[in-house]
Amino acid sequence: MESANTLCQGGECKGGVLAHLERLEAQVSRSHAKSEEPTVQEKESSLRTKIHKLRQQRDKLRAEVKQRRARVKASSANEDPNKTVEISEQEVLERQWETMKATLQAYRFTGLSGKLTSRGVCVCISTAFEGNLLDSYFVDLVIEKPLRIHHHSIPVFIPLEKIATAYLQTDIQHFLFSLCEYLNAYSRRKYQADQLESDFLPFLTGPVQRNALCNLLSFTYTVEQGCQTSFSARLVYEDLTASLPTDVTVTWPGAEAPSPHWEERRASHEVLFRTKPLHQVFASFSKEVEKLDLSLVS
Amino acid sequence: MDPEARELRALEAEIAALQRECKMLPKPEEKTLSGARKSFQKISQSDSEELESLKDLKSQLGHLKSELSFLSKLTGINIRNYSKVEDIVDTEVTEKDTKKVLQRHRLSGNCNMVTFQLEFQVLEIETKEKISSVITDLSIIMEPTEYSELSEFASRAEEKRDLLMFFQSLHFFVEWYEYRENTFKHFKEKYPDSVYLSDGTCSDCMEIHSARQPGFELMIVWRIQIDDQGKVFPKLDLLTKVPERALELDKNKVIETAPLSFRSLLGVLGIEAALDSLIRLFSAKND
């Protein structure tokens with residue numbers, strides 16, 4: 001047994017190499033295992049880094065969200081006021097426009113209204129009898145020196161020339177109001193005659209004779225329907241700015257003088273026609289008739 | 001779980017939530033860009049139209065304003081406020097093709113020193129043949145209320161619903177009023193020692209005192225009347241204040257007949273000349 005032992009002279013040699021190899025092997029495997037499993041220290045420090053990183057990210061996001069939220073709020077608050085200011089200026093102006101237009105229209109209730117034209121002004125004169133709004137007329141004035149009437153719708157029998165000569169150049173207001181007086185008086189006279197013809201036909205025993213200016217009326221009438229006696233009336237309106245006659249004559253038809261009873265009536269009628277509008281006089285006649293009827297019935 | 005792990009979890013969760021929210025909110029740069037783009041669009045597209053229409057509206061308004069002020073000067077009547085309150089269409093069709101519309105109007109303004117407030121209703125009846133308008137109700141409030149003639153006239157106009165006549169007569173009344181005021185002022189300035197206006201120039205009386213004879217006084221009462229038909233005319237009267245002794249001495253009854261003589265004087269000379277001659281006569285009067 002010299003061969004196994006003959007190799008190794010030192011005694012340990014043969015067992016020493018193998019053990020050495022085994023020892024190296026173990027070392028290598030140990031270091032491998034070490035690299036796969038971090039140490040507790042390594043483990044702790046990496047967690048901390050991660051937390052730190054996440055904290056940073058979170059703060060950044062928080063700031064971003066805050067900024068965006070604020071911007072949204074600000075812009076939504078900013079947009080509308082500008083808009084509303086614009087709209088309300090428009091609205092305010094539009095409302096003003098409407099009010100002014102309406103006020104211009106309202107002037108017709110005063111009798112005089114008008115519109116500015118390129119040449120001057122077109123004045124509209126309205127007429128009425130008490131609450132009844134009647135015809136309107138216009139005068140188109142050219143504003144230059146001298147002032148002149150371009151065209152108009154004034155009836156021929158109204159003395160426009162006379163009024164214009166008197167006032168147009170010196171006092172437009174006076175000219176217009178004077179014209180207004182004449183036109184209104186004419187309109188009112190016409191209205192009374194029209195009413196008589198339309199509403200009180202039963203009282204008339206003949207046609208109503210009238211001229212264009214309606215300042216001369218002549219008619220025959222009875223006070224009661226079916227009554228034989230009829231008066232004849234003649235109304236003269238000398239004052240063309242008045243709608244009540246200046247001169248009234250009521251005459252008894254027959255050749256003989258009327259009885260005192262009829263004379264009284266005739267005289268009272270004269271007074272009535274001179275002081276009250278024509279159709280209202282006849283309205284009072286019909287009321288009297290009604291009263292009589294009622295008294296007869298009762 | 002140890003605290004650090006817990007913190008980690010919490011951070012992760014919060015980050016996830018914040019990221020979600022961020023996605024929902026618009027990015028700041030985008031927002032301003034789109035906002036600016038939007039308002040720019042408004043400016044370029046509709047604002048130019050808006051500016052045009054605003055300019056147009058403003059110029060139309062200016063035109064209307066000048067029309068109104070022109071009318072106000074022309075008529076002497078200044079309408080400050082006007083509104084149409086209602087438009088009621090009367091659907092009760094009694095006859096065929098008859099349309100009835102009831103309008104309520106409110107109007108206020110002034111004619112020189114007189115302010116008025118009116119409320120009235122207009123009924124418009126439209127038939128095949130014609131359209132007729134009738135004032136069915138009228139209420140008038142006028143100030144100042146000291147002018148008794150005006151308030152009587154106003155109530156008469158209300159009764160008759162004669163709106164037009166109200167305005168016409170108001171105009172003439174104010175004209176006469178101003179004329180009276182100016183005439184009184186003129187005489188006060190011309191004859192400061194003889195003429196006395198105890199109620200001021202706006203009253204209806206003018207007194208003439210004799211400087212030499214303190215007991216003698218003349219009073220001119222100048223009223224402005226409006227008749228039933230709306231005609232406005234002045235009515236002047238002369239009143240005398242004379243000591244009894246003078247009356248006894250007045251054989252010719254000059255003083256008694258003075259009022260009547262004054263009336264005829266007015267007819268001959270007109271108001272101004274008549275007053276002038278009266279004042280001069282009285283100032284120089286010797287008896």
# chains A, B, ... in the order shown; residues from 1 in each chain; ligands from 1
>>> interface_residues(of="chain B", to="chain A", cutoff="6 Å", atoms="only C-alpha atoms", output="JSON, numbers by chain")
{"B": [8, 15, 22, 61, 74, 82, 133, 134, 135, 160, 161, 162, 164, 167]}
>>> select_by_dssp(residues="region 81-137 of chain B", states="strand (DSSP E or B)", output="MDAnalysis selection string")
chainID B and resid 81:90 99:111 114:126 131:137
>>> residues_around(residues="Val114 (chain B)", least_positions_apart="5", cutoff="9 Å", atoms="only C-alpha atoms", output="VMD selection string")
chain B and resid 109 142 to 144 170 174
>>> residues_around(residues="Asp276 (chain B)", least_positions_apart="6", cutoff="10 Å", atoms="only C-alpha atoms", output="tab-separated table (two decimals) with C-alpha atoms, in the first residue's frame")
chain	number	residue	atom	x	y	z
B	187	PHE	CA	-95.63	146.88	-17.09
B	190	LYS	CA	-92.06	150.20	-17.21
B	191	TYR	CA	-93.98	151.71	-14.31
B	269	LEU	CA	-107.04	149.11	-28.23
B	282	PHE	CA	-104.09	156.74	-13.39
>>> select_by_dssp(residues="region 107-259 of chain A", states="helix (DSSP H, G or I)", output="NGL selection string")
:A and (107-110 or 160-168 or 172-199 or 201-203)
>>> residues_around(residues="Ile149 (chain A)", least_positions_apart="2", cutoff="10 Å", atoms="only C-alpha atoms", output="VMD selection string")
chain A and resid 120 to 122 139 to 143 146 to 147 151 to 152 164 168
>>> residues_around(residues="Arg223 (chain B)", least_positions_apart="4", cutoff="8 Å", atoms="only C-alpha atoms", output="PyMOL selection string")
chain B and resi 204+234-236
>>> atom_distance(atom1="CA of Gln229 (chain B)", atom2="CA of His171 (chain B)")
14.6 Å
>>> closest_atom_pairs(of="region 168-240 of chain A", to="region 248-258 of chain A", cutoff="8 Å", atoms="only C-alpha atoms", output="CSV")
residue,atom,partner,partner_atom,distance
A:Thr229,CA,A:Pro253,CA,7.6
A:Ser230,CA,A:Pro253,CA,6.9
A:Phe231,CA,A:Trp252,CA,5.4
A:Ser232,CA,A:Thr251,CA,5.4
A:Ala233,CA,A:Val250,CA,4.4
A:Arg234,CA,A:Thr249,CA,5.3
A:Leu235,CA,A:Val248,CA,4.8
A:Val236,CA,A:Val248,CA,6.4
>>> write_last_selection(atoms="C-alpha atoms", output="mmCIF file, in the first residue's frame")
data_model
loop_
_atom_site.group_PDB
_atom_site.id
_atom_site.type_symbol
_atom_site.label_atom_id
_atom_site.label_comp_id
_atom_site.auth_asym_id
_atom_site.auth_seq_id
_atom_site.Cartn_x
_atom_site.Cartn_y
_atom_site.Cartn_z
ATOM 1 C CA THR A 229 -145.517 118.916 -38.249
ATOM 2 C CA SER A 230 -141.876 119.207 -39.098
ATOM 3 C CA PHE A 231 -139.563 122.093 -38.422
ATOM 4 C CA SER A 232 -137.023 123.243 -40.899
ATOM 5 C CA ALA A 233 -133.664 124.197 -39.522
ATOM 6 C CA ARG A 234 -130.828 126.181 -40.995
ATOM 7 C CA LEU A 235 -127.457 126.163 -39.296
ATOM 8 C CA VAL A 236 -124.681 128.513 -40.265
#
